[in-house]
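Data from input_35.txt: compact mmCIF, C-alpha atoms
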```txt
# COMPACT_ATOMS: atom_id res chain seq x y z
CA MET E 1419 -12.89 -20.02 77.32
CA LYS E 1420 -12.55 -17.36 79.93
CA THR E 1421 -12.10 -13.78 78.78
CA GLN E 1422 -10.17 -11.40 80.84
CA THR E 1423 -11.43 -7.87 81.20
CA LYS E 1424 -8.91 -5.12 81.51
CA GLN E 1425 -9.64 -2.88 84.41
CA ARG E 1426 -9.05 0.77 83.77
CA ARG E 1427 -7.44 2.80 86.44
CA PRO E 1428 -9.39 5.93 87.21
CA ARG E 1429 -7.81 9.10 85.86
CA THR E 1430 -6.66 11.46 88.52
CA GLN E 1431 -6.71 15.19 88.19
CA PHE E 1432 -3.87 15.64 90.64
CA VAL E 1433 -0.39 16.42 89.39
CA LEU E 1434 2.85 16.99 91.22
CA VAL E 1435 3.44 20.73 91.23
CA ASN E 1436 6.94 21.81 92.16
CA ALA E 1437 8.04 25.38 92.87
CA GLU E 1438 9.47 25.83 89.36
CA LEU E 1439 6.24 24.74 87.67
CA GLN E 1440 4.19 26.89 90.01
CA ALA E 1441 6.34 29.98 89.29
CA ASN E 1442 6.21 29.27 85.55
CA ASN E 1443 2.42 28.81 85.61
CA LEU E 1444 2.04 32.09 87.49
CA GLU E 1445 3.92 33.87 84.68
CA VAL E 1446 1.72 32.22 82.04
CA GLU E 1447 -1.40 33.23 83.98
CA LYS E 1448 -0.16 36.84 84.19
CA ALA E 1449 0.50 36.77 80.44
CA PHE E 1450 -3.05 35.51 79.83
CA ASP E 1451 -4.41 38.41 81.89
CA LYS E 1452 -2.30 40.94 79.95
CA ILE E 1453 -3.38 39.48 76.60
CA THR E 1454 -7.06 39.73 77.57
CA VAL E 1455 -6.55 43.36 78.63
CA VAL E 1456 -5.04 44.11 75.20
CA ALA E 1457 -7.93 42.27 73.51
CA SER E 1458 -10.47 44.30 75.50
CA GLU E 1459 -8.74 47.56 74.56
CA LEU E 1460 -8.72 46.61 70.88
CA ILE E 1461 -12.48 46.06 70.71
CA ARG E 1462 -13.39 49.33 72.46
CA SER E 1463 -13.30 51.24 69.17
CA PHE E 1464 -16.36 49.47 67.75
CA ASN E 1465 -19.69 51.30 67.69
CA GLN E 1466 -21.91 48.23 68.02
CA PRO E 1467 -22.04 46.72 71.53
CA LYS E 1468 -21.98 43.15 70.16
CA TYR E 1469 -18.40 43.74 68.99
CA ARG E 1470 -17.42 45.16 72.40
CA THR E 1471 -18.94 42.30 74.40
CA THR E 1472 -16.72 39.72 76.08
CA ILE E 1473 -17.40 36.52 77.93
CA LEU E 1474 -15.14 35.35 80.72
CA ILE E 1475 -15.38 31.73 81.81
CA ASN E 1476 -13.73 30.50 84.98
CA HIS E 1477 -13.48 26.76 84.42
CA THR E 1478 -11.85 26.12 87.80
CA LYS E 1479 -15.30 26.33 89.38
CA ASP E 1480 -16.45 23.35 87.28
CA GLU E 1481 -15.47 20.12 89.04
CA GLN E 1482 -15.94 18.11 85.82
CA ASN E 1483 -13.27 20.10 84.03
CA VAL E 1484 -9.65 19.05 84.46
CA ASN E 1485 -7.81 20.95 81.70
CA LEU E 1486 -9.44 24.29 80.96
CA VAL E 1487 -8.64 27.05 83.43
CA ARG E 1488 -10.11 30.26 81.99
CA GLU E 1489 -11.48 31.54 78.69
CA TYR E 1490 -11.89 35.00 77.22
CA ILE E 1491 -14.28 35.02 74.26
CA ASN E 1492 -15.47 37.84 72.04
CA HIS E 1493 -16.73 38.13 68.48
CA PHE E 1494 -13.15 37.95 67.15
CA TRP E 1495 -11.12 35.60 69.36
CA ASN E 1496 -11.23 32.83 71.91
CA VAL E 1497 -8.23 33.12 74.24
CA THR E 1498 -7.97 30.05 76.46
CA LEU E 1499 -5.77 29.31 79.45
CA SER E 1500 -5.41 25.56 79.68
CA ALA E 1501 -3.30 23.01 81.56
CA ASN E 1502 -1.79 19.88 80.08
CA LYS E 1503 -1.79 16.53 81.88
CA ASP E 1504 1.38 17.52 83.76
CA GLY E 1505 -0.18 20.73 85.07
CA LYS E 1506 1.76 23.09 82.77
CA LEU E 1507 -0.27 26.08 81.58
CA TYR E 1508 -0.65 27.14 77.94
CA ILE E 1509 -2.41 30.02 76.19
CA PHE E 1510 -4.39 29.16 73.06
CA ILE E 1511 -5.69 31.82 70.70
CA ASP E 1512 -8.36 30.91 68.16
CA ILE E 1513 -9.30 33.44 65.49
CA ASP E 1514 -12.80 33.97 64.10
CA GLN E 1515 -13.17 33.81 60.32
CA ASP E 1516 -16.14 36.19 60.23
CA GLY E 1517 -14.17 38.87 62.09
CA ILE E 1518 -11.36 38.69 59.54
CA THR E 1519 -13.80 38.65 56.62
CA ARG E 1520 -15.71 41.71 57.85
CA PHE E 1521 -12.92 43.79 59.37
CA GLY E 1522 -9.67 42.50 57.86
CA SER E 1523 -6.69 41.02 59.66
CA GLY E 1524 -5.34 44.22 61.23
CA LEU E 1525 -7.16 43.78 64.53
CA THR E 1526 -6.02 40.19 64.90
CA ASN E 1527 -2.47 41.03 63.82
CA THR E 1528 -2.31 43.67 66.56
CA LEU E 1529 -3.55 41.20 69.16
CA LEU E 1530 -1.04 38.55 68.07
CA ARG E 1531 1.88 41.01 67.99
CA ASN E 1532 1.06 42.05 71.54
CA ALA E 1533 0.54 38.46 72.71
CA PHE E 1534 3.93 37.38 71.38
CA LYS E 1535 5.55 40.46 72.92
CA ILE E 1536 3.98 39.65 76.28
CA THR E 1537 5.23 36.05 76.25
CA GLU E 1538 8.66 36.60 74.68
CA SER E 1539 11.84 36.07 76.63
CA VAL E 1540 13.87 39.27 76.92
CA ASP E 1541 16.86 37.78 78.72
CA ASN E 1542 17.59 34.75 76.48
CA THR E 1543 16.03 32.34 78.98
CA PRO E 1544 13.36 29.89 77.85
CA GLY E 1545 10.73 31.96 79.69
CA ILE E 1546 7.14 31.30 78.68
CA GLU E 1547 7.42 31.61 74.90
CA TYR E 1548 6.46 27.93 74.65
CA ALA E 1549 3.06 28.75 76.18
CA MET E 1550 1.66 30.67 73.19
CA ARG E 1551 -0.32 28.47 70.82
CA VAL E 1552 -2.14 30.15 67.94
CA ASN E 1553 -4.61 28.39 65.71
CA TYR E 1554 -3.85 30.21 62.46
CA ILE E 1555 -6.72 28.53 60.65
CA PRO E 1556 -9.67 30.83 61.32
CA SER E 1557 -12.75 29.11 62.71
CA ALA E 1558 -16.32 30.04 63.58
CA ILE E 1559 -16.08 31.48 67.09
CA HIS E 1560 -19.05 33.82 66.97
CA PRO E 1561 -21.70 31.03 67.04
CA PHE E 1562 -20.11 29.74 70.26
CA PHE E 1563 -19.92 33.33 71.50
CA TYR E 1564 -23.63 33.96 70.78
CA ARG E 1565 -24.66 30.66 72.37
CA ARG E 1566 -22.87 31.68 75.56
CA ILE E 1567 -24.60 35.07 75.46
CA VAL E 1568 -28.02 33.42 75.12
CA GLU E 1569 -27.26 30.98 77.96
CA GLY E 1570 -26.43 34.02 80.11
CA GLU E 1571 -24.31 34.45 83.18
CA THR E 1572 -23.76 31.59 85.60
CA ASP E 1573 -21.41 30.81 88.46
CA THR E 1574 -18.67 30.21 85.90
CA VAL E 1575 -19.64 32.63 83.11
CA SER E 1576 -19.51 36.44 83.22
CA ILE E 1577 -20.55 38.73 80.37
CA PHE E 1578 -19.23 42.28 79.95
CA THR E 1579 -19.61 45.02 77.36
CA GLU E 1580 -16.59 47.30 77.09
CA GLU E 1581 -17.19 51.04 77.07
CA LYS E 1582 -16.85 52.65 73.67
CA ALA E 1583 -13.48 54.38 73.34
CA VAL E 1584 -13.73 58.13 73.03
CA ALA E 1585 -12.00 59.26 69.84
```

Taking this structure as input, can you express it in the form of structure tokens?
Amino acid sequence: MKTQTKQRRPRTQFVLVNAELQANNLEVEKAFDKITVVASELIRSFNQPKYRTTILINHTKDEQNVNLVREYINHFWNVTLSANKDGKLYIFIDIDQDGITRFGSGLTNTLLRNAFKITESVDNTPGIEYAMRVNYIPSAIHPFFYRRIVEGETDTVSIFTEEKAVA
């Protein structure tokens, strides 16, 4: 009996990008940048540098990666810009449980309010509201954050400590 082996077609990382998708993705990318600016401002009030430290990862420099675009990670949140298989960009926000336990939900609530404001449609068009994805179940982000700190900066990873806000 002869068995037939199914040959798998290699996955391609190329997608057809039309002008509409490109314009839409540009808006999502701008929103990601604005959200990370808000996140950086929010953590400037902390006295300890570990709470003011952020990690920026540019995944586009990693040839192995096909979905992740950029990540902004701090002790409280992981904000990720990611593309689906069709090339459409999304913003994912993961919340750290330890940050909520130690400091309450106010900081995260402020970030989320701003993030939804940034992505909302103000002219009743679909806009980019679809792009915001929040994982409301807090997870353990700070171990991942600390591991990245220990691994240090690379071609794809940058580490910054925000200046303490003057009261």

With a distance cut-off of 10 Å and only C-alpha atoms, select the neighbouring residues of Lys1479 in chain E, excluding the residue or stretch itself and same-chain residues fewer than 3 positions from it, and output the selection as a compact mmCIF listing (two decimals) with C-alpha atoms, in the frame of the given file.
```
# COMPACT_ATOMS: atom_id res chain seq x y z
CA ILE E 1475 -15.38 31.73 81.81
CA ASN E 1476 -13.73 30.50 84.98
CA GLN E 1482 -15.94 18.11 85.82
CA ASN E 1483 -13.27 20.10 84.03
CA VAL E 1487 -8.64 27.05 83.43
CA ARG E 1488 -10.11 30.26 81.99
CA ASP E 1573 -21.41 30.81 88.46
CA THR E 1574 -18.67 30.21 85.90
CA VAL E 1575 -19.64 32.63 83.11
```

Can you write out as JSON lines which residues of range 1438-1490 of chain E fall within 7 Å of range 1521-1534 of chain E, alongside each residue's closest atom pair and its distance in Å to one decimal, counting all atoms listed in the file and ordering rows by chain and ascending residue number?
```
{"residue": "E:Ile1453", "atom": "CA", "partner": "E:Ala1533", "partner_atom": "CA", "distance": 5.6}
{"residue": "E:Val1456", "atom": "CA", "partner": "E:Leu1529", "partner_atom": "CA", "distance": 6.9}
{"residue": "E:Ala1457", "atom": "CA", "partner": "E:Leu1529", "partner_atom": "CA", "distance": 6.3}
```

Please produce an output containing C-alpha atoms for each residue in the selection, written as a PDB file, keeping the file's coordinate frame.
```pdb
ATOM      1  CA  ILE E1453      -3.380  39.480  76.600  1.00  0.00           C
ATOM      2  CA  VAL E1456      -5.040  44.110  75.200  1.00  0.00           C
ATOM      3  CA  ALA E1457      -7.930  42.270  73.510  1.00  0.00           C
TER       4      ALA E1457
END
```

Exercise. So how far away is CA of Asp1451 in chain E from CA of Glu1571 in chain E, in Å?
Worked result: 20.3 Å

With only C-alpha atoms counted and 12 Å as the cut-off, give the residues of range 1435-1494 of chain E in contact with range 1557-1566 of chain E, each with its shortest interatomic distance in Å and the pair that gives it, as a Markdown table.
```
| residue | atom | partner | partner_atom | distance |
| --- | --- | --- | --- | --- |
| E:Lys1468 | CA | E:Tyr1564 | CA | 9.4 |
| E:Tyr1469 | CA | E:His1560 | CA | 10.1 |
| E:Thr1471 | CA | E:Phe1563 | CA | 9.5 |
| E:Thr1472 | CA | E:Phe1563 | CA | 8.5 |
| E:Ile1473 | CA | E:Phe1563 | CA | 7.6 |
| E:Leu1474 | CA | E:Arg1566 | CA | 10.0 |
| E:Ile1475 | CA | E:Arg1566 | CA | 9.8 |
| E:Glu1489 | CA | E:Phe1563 | CA | 11.2 |
| E:Tyr1490 | CA | E:Phe1563 | CA | 10.0 |
| E:Ile1491 | CA | E:Phe1563 | CA | 6.5 |
| E:Asn1492 | CA | E:Phe1563 | CA | 6.4 |
| E:His1493 | CA | E:His1560 | CA | 5.1 |
| E:Phe1494 | CA | E:Ile1559 | CA | 7.1 |
```

Exercise. At what distance in Å, to one decimal, does CA of Leu1507 in chain E lie from CA of Gly1570 in chain E?
Worked result: 27.4 Å

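Separating CA of Lys1448 in chain E from CA of Ile1567 in chain E is a distance of 26.0 Å.
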
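The closest residue to Ala1501 in chain E, picked from E:Ala1549, E:Ile1518, E:Val1540, E:Ile1513 and counting all atoms listed in the file, is E:Ala1549.
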
Around all the atoms of range 1543-1560 of chain E listed in the file, with 8 Å of room on each side, what axis-aligned box do you get, giving centre and edge lengths in Å to one decimal, as lines of an AutoDock Vina configuration file?
```
center_x = -1.5
center_y = 30.9
center_z = 70.2
size_x = 51.1
size_y = 21.9
size_z = 35.0
```

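The shortest atom-to-atom distance to Lys1452 in chain E, with all atoms listed in the file taken into account, belongs to E:Ile1536 out of E:Ala1583, E:Val1552, E:Ile1536, E:Thr1543.
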
Seminar exercise, completed: One residue among E:Lys1506, E:Glu1438, E:Pro1467, E:Thr1519 is nearest to Leu1486 in chain E when using only C-alpha atoms, and that residue is E:Lys1506

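You can rank E:Trp1495, E:Ser1500, E:Leu1439, E:Lys1535 by their closest distance to Ile1461 in chain E using only C-alpha atoms, and at the top of that list sits E:Trp1495.
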
Seminar exercise, completed: If you count all atoms listed in the file, the residue of E:Pro1544, E:Gly1505, E:Gly1517, E:Pro1556 closest to Asn1485 in chain E turns out to be E:Gly1505

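If you measure from each of E:Val1497, E:Val1584, E:Ile1509, E:Thr1478 to Ile1546 in chain E using all atoms listed in the file, the closest one turns out to be E:Ile1509.
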